[in-house]
$ cat run.txt   # compact mmCIF, C-alpha atoms
# COMPACT_ATOMS: atom_id res chain seq x y z
CA MET A 11 75.23 75.23 256.52
CA ASN A 12 78.98 74.64 255.97
CA LYS A 13 81.45 73.59 258.68
CA PHE A 14 82.63 77.17 259.29
CA SER A 15 79.06 78.44 259.69
CA THR A 16 78.25 75.56 262.02
CA GLN A 17 81.25 76.38 264.21
CA VAL A 18 80.32 80.09 264.33
CA ASN A 19 76.77 79.13 265.29
CA LYS A 20 78.00 76.88 268.12
CA GLN A 21 80.30 79.60 269.41
CA THR A 22 77.50 82.15 269.30
CA VAL A 23 75.18 79.82 271.21
CA GLN A 24 77.85 79.25 273.87
CA ARG A 25 78.56 82.97 274.18
CA LEU A 26 74.86 83.75 274.48
CA LEU A 27 74.42 81.16 277.23
CA ILE A 28 77.36 82.63 279.15
CA GLU A 29 75.88 86.14 278.89
CA ILE A 30 72.47 84.85 280.00
CA ASN A 31 73.86 82.86 282.95
CA GLU A 32 76.75 85.00 284.13
CA GLY A 33 77.08 88.12 282.02
CA GLU A 34 75.22 91.17 280.83
CA TYR A 35 71.83 89.43 280.53
CA ARG A 36 71.89 87.52 283.83
CA MET A 37 69.31 89.82 285.47
CA LEU A 38 66.96 90.02 282.47
CA ASP A 39 63.80 88.05 281.83
CA ARG A 40 64.00 88.65 278.09
CA LEU A 41 66.74 89.22 275.53
CA PRO A 42 67.29 92.38 273.48
CA PRO A 43 66.07 92.40 269.84
CA GLU A 44 67.89 90.18 267.35
CA ILE A 45 69.61 93.10 265.58
CA ARG A 46 71.06 94.40 268.86
CA LEU A 47 72.26 90.93 269.81
CA ALA A 48 73.97 90.53 266.44
CA GLU A 49 75.74 93.87 266.90
CA HIS A 50 76.75 93.01 270.47
CA PHE A 51 78.33 89.69 269.46
CA GLY A 52 79.74 90.94 266.17
CA VAL A 53 77.94 88.38 263.99
CA SER A 54 75.45 88.58 261.14
CA ARG A 55 71.72 88.63 261.78
CA SER A 56 71.37 85.24 260.08
CA THR A 57 73.98 83.74 262.46
CA MET A 58 72.20 85.25 265.45
CA ARG A 59 68.86 83.99 264.13
CA ASP A 60 70.28 80.46 263.88
CA ALA A 61 71.74 80.68 267.39
CA LEU A 62 68.41 81.84 268.83
CA ALA A 63 66.65 79.02 266.98
CA THR A 64 69.02 76.53 268.62
CA LEU A 65 68.39 77.95 272.08
CA GLU A 66 64.64 77.90 271.48
CA ARG A 67 64.75 74.31 270.23
CA GLU A 68 66.61 73.32 273.38
CA GLY A 69 64.08 75.12 275.56
CA PHE A 70 66.31 77.86 276.98
CA ILE A 71 64.26 80.67 275.41
CA ASN A 72 60.82 81.27 273.92
CA ARG A 73 60.33 83.68 271.03
CA ILE A 74 56.79 85.08 271.05
CA HIS A 75 55.56 87.50 268.40
CA GLY A 76 54.64 90.86 269.91
CA ILE A 77 56.33 90.05 273.22
CA GLY A 78 59.96 89.25 272.43
CA THR A 79 62.50 86.59 273.39
CA LEU A 80 61.77 85.30 276.89
CA ILE A 81 64.48 83.57 278.94
CA ASN A 82 63.46 80.31 280.61
CA ARG A 83 65.40 80.52 283.87
CA GLN A 84 63.86 77.29 285.19
CA VAL A 85 65.30 75.35 282.26
CA LEU A 86 68.70 77.02 282.58
CA GLU A 87 68.92 75.91 286.21
CA VAL A 88 68.53 72.21 285.35
CA GLN A 89 71.87 70.46 285.85
CA THR A 90 71.37 67.39 283.66
CA ARG A 91 69.06 67.11 280.64
CA ILE A 92 68.54 63.64 279.23
CA ASP A 93 67.08 65.11 276.04
CA LEU A 94 70.30 66.97 275.18
CA GLU A 95 73.29 65.13 273.74
CA GLU A 96 76.24 65.64 276.09
CA GLU A 97 79.53 63.84 276.61
CA PHE A 98 79.62 61.63 279.71
CA LEU A 99 82.31 63.64 281.46
CA ASP A 100 80.28 66.82 280.92
CA ILE A 101 77.18 65.11 282.32
CA ILE A 102 79.07 64.17 285.48
CA ARG A 103 80.66 67.62 285.76
CA ASN A 104 77.33 69.43 285.28
CA ALA A 105 75.83 67.28 288.03
CA GLY A 106 78.41 68.67 290.43
CA TYR A 107 80.79 65.71 290.59
CA ARG A 108 84.41 65.16 289.62
CA PRO A 109 84.33 63.05 286.43
CA GLY A 110 86.71 60.24 285.62
CA THR A 111 87.16 57.32 283.24
CA VAL A 112 87.62 54.05 285.12
CA TYR A 113 88.48 52.28 281.89
CA SER A 114 87.87 52.33 278.15
CA LYS A 115 88.43 49.29 275.94
CA VAL A 116 88.09 48.61 272.22
CA GLU A 117 86.88 45.37 270.66
CA TYR A 118 86.81 44.32 267.02
CA SER A 119 84.14 41.75 266.33
CA THR A 120 81.37 40.49 264.06
CA ALA A 121 78.01 42.23 264.50
CA ASN A 122 75.70 40.56 266.99
CA SER A 123 71.97 40.18 266.39
CA MET A 124 71.12 43.40 268.23
CA GLU A 125 73.62 45.50 266.26
CA ILE A 126 72.41 44.00 262.97
CA LYS A 127 68.84 44.95 263.87
CA LYS A 128 69.55 48.41 265.29
CA LEU A 129 71.95 49.54 262.56
CA CYS A 130 70.29 47.71 259.64
CA LEU A 131 73.47 45.74 258.89
CA GLU A 132 74.10 42.55 257.00
CA LYS A 133 75.01 39.40 258.87
CA GLY A 134 78.78 39.12 259.21
CA SER A 135 79.39 42.89 259.27
CA GLN A 136 82.58 43.83 261.07
CA MET A 137 82.12 46.08 264.08
CA ILE A 138 84.12 48.34 266.35
CA ARG A 139 82.83 48.24 269.90
CA VAL A 140 83.98 50.67 272.59
CA THR A 141 83.11 49.97 276.23
CA ARG A 142 83.49 52.68 278.87
CA LEU A 143 82.99 52.92 282.60
CA ILE A 144 82.64 56.50 283.84
CA SER A 145 82.88 57.57 287.48
CA ALA A 146 81.52 60.46 289.54
CA ASP A 147 83.73 61.33 292.51
CA GLU A 148 85.36 57.91 291.95
CA VAL A 149 82.00 56.09 292.16
CA PRO A 150 81.24 53.99 289.02
CA THR A 151 78.20 55.75 287.57
CA ILE A 152 77.80 55.19 283.79
CA PHE A 153 78.50 51.98 281.87
CA CYS A 154 78.27 52.36 278.10
CA ILE A 155 78.87 50.29 274.98
CA ASP A 156 79.13 52.17 271.66
CA SER A 157 79.26 50.19 268.42
CA PHE A 158 79.47 51.06 264.74
CA SER A 159 80.39 49.31 261.51
CA SER A 160 84.07 49.46 260.57
CA SER A 161 82.89 49.98 256.97
CA PHE A 162 82.07 53.58 257.94
CA ILE A 163 85.75 54.43 258.38
CA ARG A 164 87.04 56.64 255.56
CA ASN A 165 90.46 57.48 256.97
CA ILE A 166 92.23 54.34 258.20
CA ASN A 167 95.28 56.27 259.42
CA TYR A 168 94.32 56.42 263.07
CA GLU A 169 95.71 55.16 266.35
CA GLU A 170 93.50 53.02 268.55
CA SER A 171 93.87 55.69 271.23
CA GLU A 172 91.55 57.89 269.11
CA LEU A 173 88.72 55.48 269.89
CA HIS A 174 89.11 56.18 273.59
CA LYS A 175 88.15 59.81 273.02
CA PRO A 176 84.47 60.88 272.62
CA ILE A 177 82.99 58.60 269.96
CA PHE A 178 81.38 61.54 268.15
CA ASP A 179 84.83 63.02 267.52
CA PHE A 180 86.06 59.76 265.99
CA LEU A 181 83.02 59.47 263.73
CA LYS A 182 83.46 63.04 262.51
CA THR A 183 87.21 62.83 261.96
CA TYR A 184 87.71 59.32 260.60
CA CYS A 185 84.26 58.35 259.27
CA GLU A 186 83.24 61.81 258.03
CA GLU A 187 79.91 61.30 259.76
CA ASP A 188 77.99 63.41 262.28
CA VAL A 189 75.28 62.12 264.59
CA PHE A 190 72.50 64.50 263.60
CA PHE A 191 69.82 63.04 265.87
CA ASP A 192 69.23 60.14 268.26
CA LEU A 193 66.26 57.91 268.81
CA THR A 194 66.38 56.67 272.39
CA GLU A 195 64.30 54.10 274.24
CA ILE A 196 64.31 54.55 278.03
CA HIS A 197 63.95 51.53 280.28
CA ALA A 198 64.20 50.69 283.95
CA VAL A 199 66.21 47.46 284.26
CA ASN A 200 67.60 45.34 287.05
CA ALA A 201 71.36 44.92 287.20
CA ASP A 202 72.50 41.48 286.11
CA LYS A 203 75.75 39.96 287.35
CA LEU A 204 77.91 41.89 284.83
CA LEU A 205 76.30 45.30 285.40
CA ALA A 206 76.29 44.80 289.17
CA ALA A 207 80.03 44.15 289.09
CA GLU A 208 80.77 47.10 286.78
CA LEU A 209 78.71 49.64 288.71
CA GLN A 210 79.47 48.13 292.12
CA VAL A 211 75.86 47.59 293.10
CA SER A 212 73.91 44.56 294.23
CA LYS A 213 72.50 42.23 291.62
CA GLY A 214 68.90 43.24 290.92
CA THR A 215 69.49 46.93 291.68
CA ALA A 216 67.36 49.24 289.49
CA LEU A 217 69.29 51.01 286.73
CA LEU A 218 68.32 53.51 284.06
CA HIS A 219 68.97 52.07 280.58
CA LEU A 220 69.16 54.24 277.46
CA ASP A 221 68.98 52.19 274.25
CA GLU A 222 70.07 54.70 271.64
CA ILE A 223 70.51 54.81 267.87
CA GLY A 224 72.39 57.75 266.36
CA HIS A 225 71.48 58.78 262.80
CA ASN A 226 73.27 60.99 260.30
CA VAL A 227 71.63 63.94 258.55
CA LEU A 228 70.10 61.60 255.93
CA GLY A 229 68.49 59.46 258.62
CA LYS A 230 70.88 56.52 258.26
CA PRO A 231 71.67 54.73 261.55
CA ILE A 232 75.41 54.95 262.19
CA LEU A 233 75.91 54.43 265.94
CA TYR A 234 74.32 52.10 268.47
CA SER A 235 74.78 52.92 272.15
CA SER A 236 73.64 51.02 275.21
CA GLU A 237 74.03 53.13 278.36
CA TYR A 238 73.38 52.20 281.99
CA TYR A 239 73.20 54.75 284.81
CA ARG A 240 73.62 54.03 288.48
CA GLU A 241 70.63 55.22 290.51
CA GLY A 242 71.06 58.03 293.02
CA MET A 243 74.00 59.82 291.41
CA ILE A 244 72.49 61.88 288.60
CA THR A 245 69.03 63.41 288.39
CA HIS A 246 67.87 63.26 284.77
CA THR A 247 65.40 65.83 283.48
CA ILE A 248 63.51 65.81 280.18
CA LEU A 249 62.12 68.97 278.63
CA ARG A 250 58.78 68.29 276.94
CA LYS A 251 57.32 71.04 274.79
CA LYS A 252 53.82 71.35 273.42
CA ILE A 253 53.65 70.93 269.65
CA GLU A 254 51.72 73.82 268.14

$ encode --input "run.txt" --output "structure tokens"
Amino acid sequence: MNKFSTQVNKQTVQRLLIEINEGEYRMLDRLPPEIRLAEHFGVSRSTMRDALATLEREGFINRIHGIGTLINRQVLEVQTRIDLEEEFLDIIRNAGYRPGTVYSKVEYSTANSMEIKKLCLEKGSQMIRVTRLISADEVPTIFCIDSFSSSFIRNINYEESELHKPIFDFLKTYCEEDVFFDLTEIHAVNADKLLAAELQVSKGTALLHLDEIGHNVLGKPILYSSEYYREGMITHTILRKKIE
């Protein structure tokens, strides 16, 4: 799928979700047939098929032969899904809070032992590390460190301010890389002195830790993220589907 087709697919998915949540399909328990949907949105059947596949993969619909395309209203009502890749500000916004960035800082350094292991790098690799503290209604809520090898950069004509934007945008624009999938380990950890200070909690407070490796379409690890979430602000939900 080329970049144009990918963009059309994303737009179709977004338009479908709007119609399901707020528009013409908000009172339905199932969607019209694929051909009618394609005509309604003015796209090809293959584009509509791809959009429906995306919604099914993310659990918003179920397509059952002989029955049709069922809408999963319970899933649509979930505010925050930990199994879906979302930007931090969107996570905060979807949880009903006013999002904000307390600070964002960039560090250039040699890869540490964890980054070497997680990203399969050689010792001495040069890294770009971006640390962010995100707030919800001015309460520090998410502390994150993103790191990737500077060798991934293809276009060196960038301002450091670009690194303060969503890291996925920087990787796509200046490294010509997309995070195709993540492998994430989920841990409950106790806040050490640093995390307690950043998130304004007592030392030893329980935090949710996501230890995440982003891979490109070929399965190569390109981004290592360590995320910490303050307890009591965001309810995280995971959709688990039975494998047929």

$ atom_distance --input "run.txt" --atom1 "CA of Pro42 (chain A)" --atom2 "CA of Asp60 (chain A)"
15.6 Å

$ closest_residue --input "run.txt" --among "A:Ser161, A:Ser119, A:Thr57, A:Thr111" --to "Ala146 (chain A)" --atoms "only C-alpha atoms"
A:Thr111

$ axis_aligned_box --input "run.txt" --around "region 73-80 of chain A" --padding-each-side "5 Å" --output "AutoDock Vina command-line options"
--center_x 58.6 --center_y 87.3 --center_z 272.6 --size_x 17.9 --size_y 17.2 --size_z 18.5

$ closest_residue --input "run.txt" --among "A:Ile155, A:Leu99, A:Ala198, A:Val112" --to "Glu125 (chain A)" --atoms "only C-alpha atoms"
A:Ile155

$ residues_around --input "run.txt" --residues "Ser160 (chain A)" --least-positions-apart "4" --cutoff "12 Å" --atoms "all atoms listed in the file" --output "PyMOL selection string"
chain A and resi 117-121+131+134-139+164-166+180-181+184-185+232-233

$ atom_distance --input "run.txt" --atom1 "CA of Ile92 (chain A)" --atom2 "CA of Glu34 (chain A)"
28.4 Å

$ atom_distance --input "run.txt" --atom1 "CA of Phe153 (chain A)" --atom2 "CA of Ile248 (chain A)"
20.5 Å

$ closest_residue --input "run.txt" --among "A:Glu195, A:Glu172, A:Glu68, A:Glu148" --to "Ser114 (chain A)" --atoms "only C-alpha atoms"
A:Glu172

$ residues_near_point --input "run.txt" --point "(68.8, 90.7, 272.6)" --cutoff "10 Å" --atoms "only C-alpha atoms" --output "list in words"
Leu26, Tyr35, Arg40, Leu41, Pro42, Pro43, Glu44, Ile45, Arg46, Leu47, Ala48, Glu49, His50, Met58, Leu62, Gly78, Thr79 and Leu80 of chain A

$ closest_residue --input "run.txt" --among "A:Met37, A:Ile177, A:Cys154, A:Ala206" --to "Val189 (chain A)" --atoms "only C-alpha atoms"
A:Ile177

$ residues_around --input "run.txt" --residues "Leu209 (chain A)" --least-positions-apart "5" --cutoff "7 Å" --atoms "all atoms listed in the file" --output "list of chain:residue names"
A:Pro150, A:Thr151, A:Arg240
